[in-house]
Amino acid sequence: MTATPGGGGKMSLTVKVLIGMAAGLVLGVIFNVIDSEFINTHIAGGLFAMIGKMFVNALKMLVVPLVFFSLICGVTGIGDIRVLGRVGGKSLVFYILTTGLAISIAIILALIVGPGNGFNMEGIDTSGVTGKEAPTVWNVFAAIVPTNPIAAFANGDMLQVIFYTVVLGVAVLMLGGKSKGFIEGCEYMNEVMMKVVTIVMAFAPIGVFCLIAKTFTEQGIELFGPVLAYVITLVAALFLHLFVTLMILLKIFSGLNPFIFMRKMRPAQIFAFSTASSNATIPVTLRSVTERVGVDNSVASFTVPFGATINMDGTAIMQGVATVFLANVYGVELGLGGYITVIGMAVLASIGTAGVPGVGLVMLTMVLTQVGLPIEGIALILGVDRLMDMIRTAVNITGDAVVSTIVAKGEDKIDMAVFNDPDAGMMTSDELDIDEEAERELAQYAKPH
């Protein structure tokens, strides 16, 4: 008995998702050209929006319980609080480093290309954009400690969830043998949650198809015309960081083959592109990092959710390019001091904001306010932001995976046999086959005695 939607034999999930993505893109562009009110309202805005939202909600549904049980297993699996502190310290340093490098590269490339020079503002409505006050560094770190852990779990505040879970895991370690039953229960629940991830991912081709089709039906491609220089510069900076900067860091600090790594991370990158949410992609990223790349769960359970929350390389790149673009549009010379402020603000804002769709624009208002640029200028790039958000989220989660791999290699917590096996962790429809013998055995336990 197989529960895979639509059959599909031995075709890998990645191939199915790519097919769904391509079909959604083509259909979305066709629907956008047709521009039918019925299609826009009932197909794209109705059916596709409903299925796409259900899929993203299903992924988000997994995040908190998966992170909790996985992180408890990770902390207790390390067994040494000093090692845990070392993993956390290394992760934070590398995440800040990659974010700083990302926005620096973006600013330099944007200054070379000069997007926004000679931009015609005529006929463009820049009203209705409001700013957000930048958090102080003290408030950012103070907010990591939850006043109510139940509320943190309910709201999905990942930094608070991570903090509470790590403290709980340390307490469990300190109790020693008394914690055996609790740890076994968490290990079982972690396996259950990974199986739920498998079930949700089986519906990914349908979910991705609907998400992409809806986006391109609504956005089309004509929006790129007025801000083409901005789009080209931003995409170039994102790809430069993804394929060059991150891969150089991976090679230098871990010695691993970047080409193998990128092939292993393709499924997670596709999910990130489709959902435009680092947090929603956590279950897929965690699975790819542990089962495809070979990083031990004791490291990945901490570094992946931590990175999804504070590591926003792609978002930082957008802020750098957008700041230069808007400075050129308004004829403002920021100077070296202004750009250093932008870099510092981007790093701080990435820690103080959550990994949800559209958060980049919220962070951008903080940066623009800090350097004295009109926040109304965000309206110029608002139209293309959703599509750009999809690309930068894929960059974000790749950065999370790179840092996780580097830290794991430094701690000798990576299985090289898994990393070098091209088929390791590859999901096919077989994973959803239900063992009838196991069903009968479980039914015996469930019967009243």
# chains A, B, ... in the order shown; residues from 1 in each chain; ligands from 1
$ select_by_dssp --residues "range 237-343 of chain A" --states "alpha helix (DSSP H)" --output "PyMOL selection string"
chain A and resi 237-240+246-254+258-275+282-287+297-310+313-330+335-343
$ write_last_selection --atoms "C-alpha atoms" --output "PDB file, in the first residue's frame"
ATOM      1  CA  ALA A 237      24.972  39.221  -5.886  1.00  0.00           C
ATOM      2  CA  LEU A 238      22.842  36.327  -4.582  1.00  0.00           C
ATOM      3  CA  PHE A 239      24.381  33.852  -7.023  1.00  0.00           C
ATOM      4  CA  LEU A 240      27.903  35.162  -6.326  1.00  0.00           C
ATOM      5  CA  LEU A 246      29.776  30.092   0.639  1.00  0.00           C
ATOM      6  CA  MET A 247      31.502  27.356  -1.344  1.00  0.00           C
ATOM      7  CA  ILE A 248      34.938  28.883  -0.698  1.00  0.00           C
ATOM      8  CA  LEU A 249      34.157  29.040   3.037  1.00  0.00           C
ATOM      9  CA  LEU A 250      32.995  25.399   2.930  1.00  0.00           C
ATOM     10  CA  LYS A 251      36.188  24.291   1.177  1.00  0.00           C
ATOM     11  CA  ILE A 252      38.539  26.307   3.412  1.00  0.00           C
ATOM     12  CA  PHE A 253      37.009  25.378   6.769  1.00  0.00           C
ATOM     13  CA  SER A 254      35.841  21.805   6.106  1.00  0.00           C
ATOM     14  CA  PRO A 258      31.365  21.939  -2.790  1.00  0.00           C
ATOM     15  CA  PHE A 259      29.878  20.221  -5.859  1.00  0.00           C
ATOM     16  CA  ILE A 260      28.774  17.177  -3.846  1.00  0.00           C
ATOM     17  CA  PHE A 261      27.424  19.479  -1.145  1.00  0.00           C
ATOM     18  CA  MET A 262      25.312  21.513  -3.590  1.00  0.00           C
ATOM     19  CA  ARG A 263      23.820  18.359  -5.122  1.00  0.00           C
ATOM     20  CA  LYS A 264      22.892  17.140  -1.649  1.00  0.00           C
ATOM     21  CA  MET A 265      21.194  20.430  -0.728  1.00  0.00           C
ATOM     22  CA  ARG A 266      19.124  20.766  -3.914  1.00  0.00           C
ATOM     23  CA  PRO A 267      15.839  19.473  -2.378  1.00  0.00           C
ATOM     24  CA  ALA A 268      16.014  21.953   0.510  1.00  0.00           C
ATOM     25  CA  GLN A 269      16.873  24.810  -1.872  1.00  0.00           C
ATOM     26  CA  ILE A 270      13.825  23.999  -4.005  1.00  0.00           C
ATOM     27  CA  PHE A 271      11.566  23.974  -0.943  1.00  0.00           C
ATOM     28  CA  ALA A 272      13.032  27.278   0.257  1.00  0.00           C
ATOM     29  CA  PHE A 273      12.494  28.851  -3.174  1.00  0.00           C
ATOM     30  CA  SER A 274       8.876  27.686  -3.225  1.00  0.00           C
ATOM     31  CA  THR A 275       7.901  28.705   0.322  1.00  0.00           C
ATOM     32  CA  ILE A 282      13.536  23.929   8.660  1.00  0.00           C
ATOM     33  CA  PRO A 283      12.146  20.344   8.509  1.00  0.00           C
ATOM     34  CA  VAL A 284      13.490  19.853   4.967  1.00  0.00           C
ATOM     35  CA  THR A 285      16.820  21.564   5.693  1.00  0.00           C
ATOM     36  CA  LEU A 286      17.302  19.459   8.827  1.00  0.00           C
ATOM     37  CA  ARG A 287      16.554  16.282   6.915  1.00  0.00           C
ATOM     38  CA  ASN A 297      21.898  15.352  14.696  1.00  0.00           C
ATOM     39  CA  SER A 298      23.681  16.558  17.848  1.00  0.00           C
ATOM     40  CA  VAL A 299      25.063  19.461  15.782  1.00  0.00           C
ATOM     41  CA  ALA A 300      22.359  19.947  13.120  1.00  0.00           C
ATOM     42  CA  SER A 301      19.496  20.035  15.652  1.00  0.00           C
ATOM     43  CA  PHE A 302      21.009  23.242  17.041  1.00  0.00           C
ATOM     44  CA  THR A 303      22.678  24.912  14.050  1.00  0.00           C
ATOM     45  CA  VAL A 304      19.818  24.548  11.528  1.00  0.00           C
ATOM     46  CA  PRO A 305      16.978  26.182  13.534  1.00  0.00           C
ATOM     47  CA  PHE A 306      19.460  28.698  14.975  1.00  0.00           C
ATOM     48  CA  GLY A 307      20.574  29.613  11.460  1.00  0.00           C
ATOM     49  CA  ALA A 308      17.022  29.810  10.118  1.00  0.00           C
ATOM     50  CA  THR A 309      16.369  32.469  12.745  1.00  0.00           C
ATOM     51  CA  ILE A 310      19.508  34.632  12.746  1.00  0.00           C
ATOM     52  CA  ASP A 313      22.542  36.067   3.988  1.00  0.00           C
ATOM     53  CA  GLY A 314      20.106  36.502   1.097  1.00  0.00           C
ATOM     54  CA  THR A 315      18.093  39.114   2.985  1.00  0.00           C
ATOM     55  CA  ALA A 316      21.273  41.022   3.867  1.00  0.00           C
ATOM     56  CA  ILE A 317      22.256  41.029   0.187  1.00  0.00           C
ATOM     57  CA  MET A 318      18.851  42.478  -0.726  1.00  0.00           C
ATOM     58  CA  GLN A 319      19.329  45.238   1.846  1.00  0.00           C
ATOM     59  CA  GLY A 320      22.748  46.121   0.458  1.00  0.00           C
ATOM     60  CA  VAL A 321      21.626  46.269  -3.175  1.00  0.00           C
ATOM     61  CA  ALA A 322      18.347  48.049  -2.308  1.00  0.00           C
ATOM     62  CA  THR A 323      20.158  50.689  -0.231  1.00  0.00           C
ATOM     63  CA  VAL A 324      22.559  51.529  -3.062  1.00  0.00           C
ATOM     64  CA  PHE A 325      19.676  51.488  -5.577  1.00  0.00           C
ATOM     65  CA  LEU A 326      17.555  53.893  -3.525  1.00  0.00           C
ATOM     66  CA  ALA A 327      20.542  56.126  -2.702  1.00  0.00           C
ATOM     67  CA  ASN A 328      21.158  56.467  -6.473  1.00  0.00           C
ATOM     68  CA  VAL A 329      17.446  57.061  -7.179  1.00  0.00           C
ATOM     69  CA  TYR A 330      17.283  59.913  -4.659  1.00  0.00           C
ATOM     70  CA  GLY A 335      29.843  57.552   1.893  1.00  0.00           C
ATOM     71  CA  LEU A 336      31.964  54.935   3.659  1.00  0.00           C
ATOM     72  CA  GLY A 337      30.439  55.632   7.077  1.00  0.00           C
ATOM     73  CA  GLY A 338      26.919  55.195   5.721  1.00  0.00           C
ATOM     74  CA  TYR A 339      27.710  51.830   4.158  1.00  0.00           C
ATOM     75  CA  ILE A 340      29.446  50.597   7.326  1.00  0.00           C
ATOM     76  CA  THR A 341      26.244  51.546   9.184  1.00  0.00           C
ATOM     77  CA  VAL A 342      24.218  49.553   6.642  1.00  0.00           C
ATOM     78  CA  ILE A 343      26.417  46.479   7.213  1.00  0.00           C
TER      79      ILE A 343
END
$ residues_around --residues "range 184-193 of chain A" --least-positions-apart "3" --cutoff "7 Å" --atoms "only C-alpha atoms" --output "MDAnalysis selection string"
chainID A and resid 66 69:70 73 180:181 196:197
$ closest_atom_pairs --of "range 157-214 of chain A" --to "range 27-44 of chain A" --cutoff "9 Å" --atoms "only C-alpha atoms" --output "JSON lines"
{"residue": "A:Cys210", "atom": "CA", "partner": "A:Ala44", "partner_atom": "CA", "distance": 8.0}
{"residue": "A:Ile212", "atom": "CA", "partner": "A:Gly28", "partner_atom": "CA", "distance": 7.2}
{"residue": "A:Ala213", "atom": "CA", "partner": "A:Gly28", "partner_atom": "CA", "distance": 4.2}
{"residue": "A:Lys214", "atom": "CA", "partner": "A:Ala44", "partner_atom": "CA", "distance": 4.8}
$ closest_residue --among "A:Met345, A:Val235, A:Leu364, A:Ile375" --to "Ala106 in chain A" --atoms "only C-alpha atoms"
A:Val235
$ atom_distance --atom1 "CA of Val293 in chain A" --atom2 "CA of Gly410 in chain A"
14.7 Å
$ residues_around --residues "Val347 in chain A" --least-positions-apart "2" --cutoff "10 Å" --atoms "only C-alpha atoms" --output "VMD selection string"
chain A and resid 95 to 100 102 to 103 310 to 313 316 342 to 345 349 to 352
$ closest_residue --among "A:Ile19, A:Ile81, A:Val75, A:Val208" --to "Phe55 in chain A" --atoms "only C-alpha atoms"
A:Val208
$ closest_residue --among "A:Leu175, A:Val170, A:Val67, A:Phe209" --to "Arg82 in chain A" --atoms "only C-alpha atoms"
A:Val170
$ decode --residues "range 299-338 of chain A" --atoms "N, CA and C atoms" --output "mmCIF file, in the first residue's frame"
data_model
loop_
_atom_site.group_PDB
_atom_site.id
_atom_site.type_symbol
_atom_site.label_atom_id
_atom_site.label_comp_id
_atom_site.auth_asym_id
_atom_site.auth_seq_id
_atom_site.Cartn_x
_atom_site.Cartn_y
_atom_site.Cartn_z
ATOM 1 N N VAL A 299 24.654 18.139 16.266
ATOM 2 C CA VAL A 299 25.063 19.461 15.782
ATOM 3 C C VAL A 299 23.930 20.124 14.987
ATOM 4 N N ALA A 300 23.369 19.379 14.027
ATOM 5 C CA ALA A 300 22.359 19.947 13.120
ATOM 6 C C ALA A 300 21.108 20.403 13.853
ATOM 7 N N SER A 301 20.720 19.684 14.926
ATOM 8 C CA SER A 301 19.496 20.035 15.652
ATOM 9 C C SER A 301 19.587 21.421 16.271
ATOM 10 N N PHE A 302 20.819 21.889 16.512
ATOM 11 C CA PHE A 302 21.009 23.242 17.041
ATOM 12 C C PHE A 302 21.285 24.249 15.927
ATOM 13 N N THR A 303 22.216 23.934 15.033
ATOM 14 C CA THR A 303 22.678 24.912 14.050
ATOM 15 C C THR A 303 21.632 25.254 12.992
ATOM 16 N N VAL A 304 20.803 24.283 12.594
ATOM 17 C CA VAL A 304 19.818 24.548 11.528
ATOM 18 C C VAL A 304 18.720 25.503 11.983
ATOM 19 N N PRO A 305 17.990 25.210 13.098
ATOM 20 C CA PRO A 305 16.978 26.182 13.534
ATOM 21 C C PRO A 305 17.572 27.512 13.979
ATOM 22 N N PHE A 306 18.770 27.474 14.572
ATOM 23 C CA PHE A 306 19.460 28.698 14.975
ATOM 24 C C PHE A 306 19.761 29.551 13.739
ATOM 25 N N GLY A 307 20.259 28.901 12.697
ATOM 26 C CA GLY A 307 20.574 29.613 11.460
ATOM 27 C C GLY A 307 19.346 30.150 10.759
ATOM 28 N N ALA A 308 18.260 29.361 10.773
ATOM 29 C CA ALA A 308 17.022 29.810 10.118
ATOM 30 C C ALA A 308 16.485 31.078 10.762
ATOM 31 N N THR A 309 16.860 31.304 12.014
ATOM 32 C CA THR A 309 16.369 32.469 12.745
ATOM 33 C C THR A 309 17.294 33.672 12.608
ATOM 34 N N ILE A 310 18.613 33.463 12.720
ATOM 35 C CA ILE A 310 19.508 34.632 12.746
ATOM 36 C C ILE A 310 20.353 34.784 11.483
ATOM 37 N N ASN A 311 20.447 33.736 10.652
ATOM 38 C CA ASN A 311 21.332 33.809 9.491
ATOM 39 C C ASN A 311 20.517 34.123 8.234
ATOM 40 N N MET A 312 20.591 35.357 7.754
ATOM 41 C CA MET A 312 19.806 35.768 6.590
ATOM 42 C C MET A 312 20.728 36.405 5.547
ATOM 43 N N ASP A 313 21.593 35.570 4.979
ATOM 44 C CA ASP A 313 22.542 36.067 3.988
ATOM 45 C C ASP A 313 21.838 36.704 2.801
ATOM 46 N N GLY A 314 20.823 35.995 2.269
ATOM 47 C CA GLY A 314 20.106 36.502 1.097
ATOM 48 C C GLY A 314 19.384 37.799 1.388
ATOM 49 N N THR A 315 18.797 37.902 2.584
ATOM 50 C CA THR A 315 18.093 39.114 2.985
ATOM 51 C C THR A 315 19.072 40.270 3.149
ATOM 52 N N ALA A 316 20.247 39.987 3.716
ATOM 53 C CA ALA A 316 21.273 41.022 3.867
ATOM 54 C C ALA A 316 21.739 41.534 2.502
ATOM 55 N N ILE A 317 21.862 40.631 1.540
ATOM 56 C CA ILE A 317 22.256 41.029 0.187
ATOM 57 C C ILE A 317 21.207 41.955 -0.419
ATOM 58 N N MET A 318 19.923 41.613 -0.225
ATOM 59 C CA MET A 318 18.851 42.478 -0.726
ATOM 60 C C MET A 318 18.953 43.873 -0.119
ATOM 61 N N GLN A 319 19.228 43.940 1.183
ATOM 62 C CA GLN A 319 19.329 45.238 1.846
ATOM 63 C C GLN A 319 20.476 46.070 1.281
ATOM 64 N N GLY A 320 21.604 45.404 1.008
ATOM 65 C CA GLY A 320 22.748 46.121 0.458
ATOM 66 C C GLY A 320 22.466 46.684 -0.923
ATOM 67 N N VAL A 321 21.920 45.830 -1.809
ATOM 68 C CA VAL A 321 21.626 46.269 -3.175
ATOM 69 C C VAL A 321 20.521 47.324 -3.165
ATOM 70 N N ALA A 322 19.469 47.104 -2.360
ATOM 71 C CA ALA A 322 18.347 48.049 -2.308
ATOM 72 C C ALA A 322 18.788 49.409 -1.776
ATOM 73 N N THR A 323 19.678 49.415 -0.789
ATOM 74 C CA THR A 323 20.158 50.689 -0.231
ATOM 75 C C THR A 323 20.925 51.492 -1.272
ATOM 76 N N VAL A 324 21.806 50.835 -2.002
ATOM 77 C CA VAL A 324 22.559 51.529 -3.062
ATOM 78 C C VAL A 324 21.610 52.001 -4.158
ATOM 79 N N PHE A 325 20.659 51.144 -4.544
ATOM 80 C CA PHE A 325 19.676 51.488 -5.577
ATOM 81 C C PHE A 325 18.890 52.740 -5.191
ATOM 82 N N LEU A 326 18.369 52.758 -3.960
ATOM 83 C CA LEU A 326 17.555 53.893 -3.525
ATOM 84 C C LEU A 326 18.402 55.137 -3.294
ATOM 85 N N ALA A 327 19.644 54.976 -2.844
ATOM 86 C CA ALA A 327 20.542 56.126 -2.702
ATOM 87 C C ALA A 327 20.788 56.763 -4.070
ATOM 88 N N ASN A 328 20.959 55.945 -5.115
ATOM 89 C CA ASN A 328 21.158 56.467 -6.473
ATOM 90 C C ASN A 328 19.886 57.124 -7.007
ATOM 91 N N VAL A 329 18.728 56.501 -6.717
ATOM 92 C CA VAL A 329 17.446 57.061 -7.179
ATOM 93 C C VAL A 329 17.234 58.464 -6.613
ATOM 94 N N TYR A 330 17.515 58.627 -5.319
ATOM 95 C CA TYR A 330 17.283 59.913 -4.659
ATOM 96 C C TYR A 330 18.495 60.836 -4.684
ATOM 97 N N GLY A 331 19.589 60.370 -5.297
ATOM 98 C CA GLY A 331 20.776 61.218 -5.415
ATOM 99 C C GLY A 331 21.451 61.506 -4.095
ATOM 100 N N VAL A 332 21.434 60.524 -3.171
ATOM 101 C CA VAL A 332 22.041 60.692 -1.851
ATOM 102 C C VAL A 332 23.387 59.990 -1.815
ATOM 103 N N GLU A 333 24.429 60.683 -1.369
ATOM 104 C CA GLU A 333 25.756 60.091 -1.238
ATOM 105 C C GLU A 333 25.941 59.618 0.198
ATOM 106 N N LEU A 334 25.966 58.305 0.396
ATOM 107 C CA LEU A 334 26.054 57.766 1.751
ATOM 108 C C LEU A 334 27.478 57.777 2.302
ATOM 109 N N GLY A 335 28.464 57.571 1.445
ATOM 110 C CA GLY A 335 29.843 57.552 1.893
ATOM 111 C C GLY A 335 30.202 56.280 2.635
ATOM 112 N N LEU A 336 31.475 56.147 3.004
ATOM 113 C CA LEU A 336 31.964 54.935 3.659
ATOM 114 C C LEU A 336 31.264 54.696 4.992
ATOM 115 N N GLY A 337 31.093 55.757 5.775
ATOM 116 C CA GLY A 337 30.439 55.632 7.077
ATOM 117 C C GLY A 337 29.014 55.127 6.958
ATOM 118 N N GLY A 338 28.304 55.620 5.947
ATOM 119 C CA GLY A 338 26.919 55.195 5.721
ATOM 120 C C GLY A 338 26.830 53.716 5.396
#
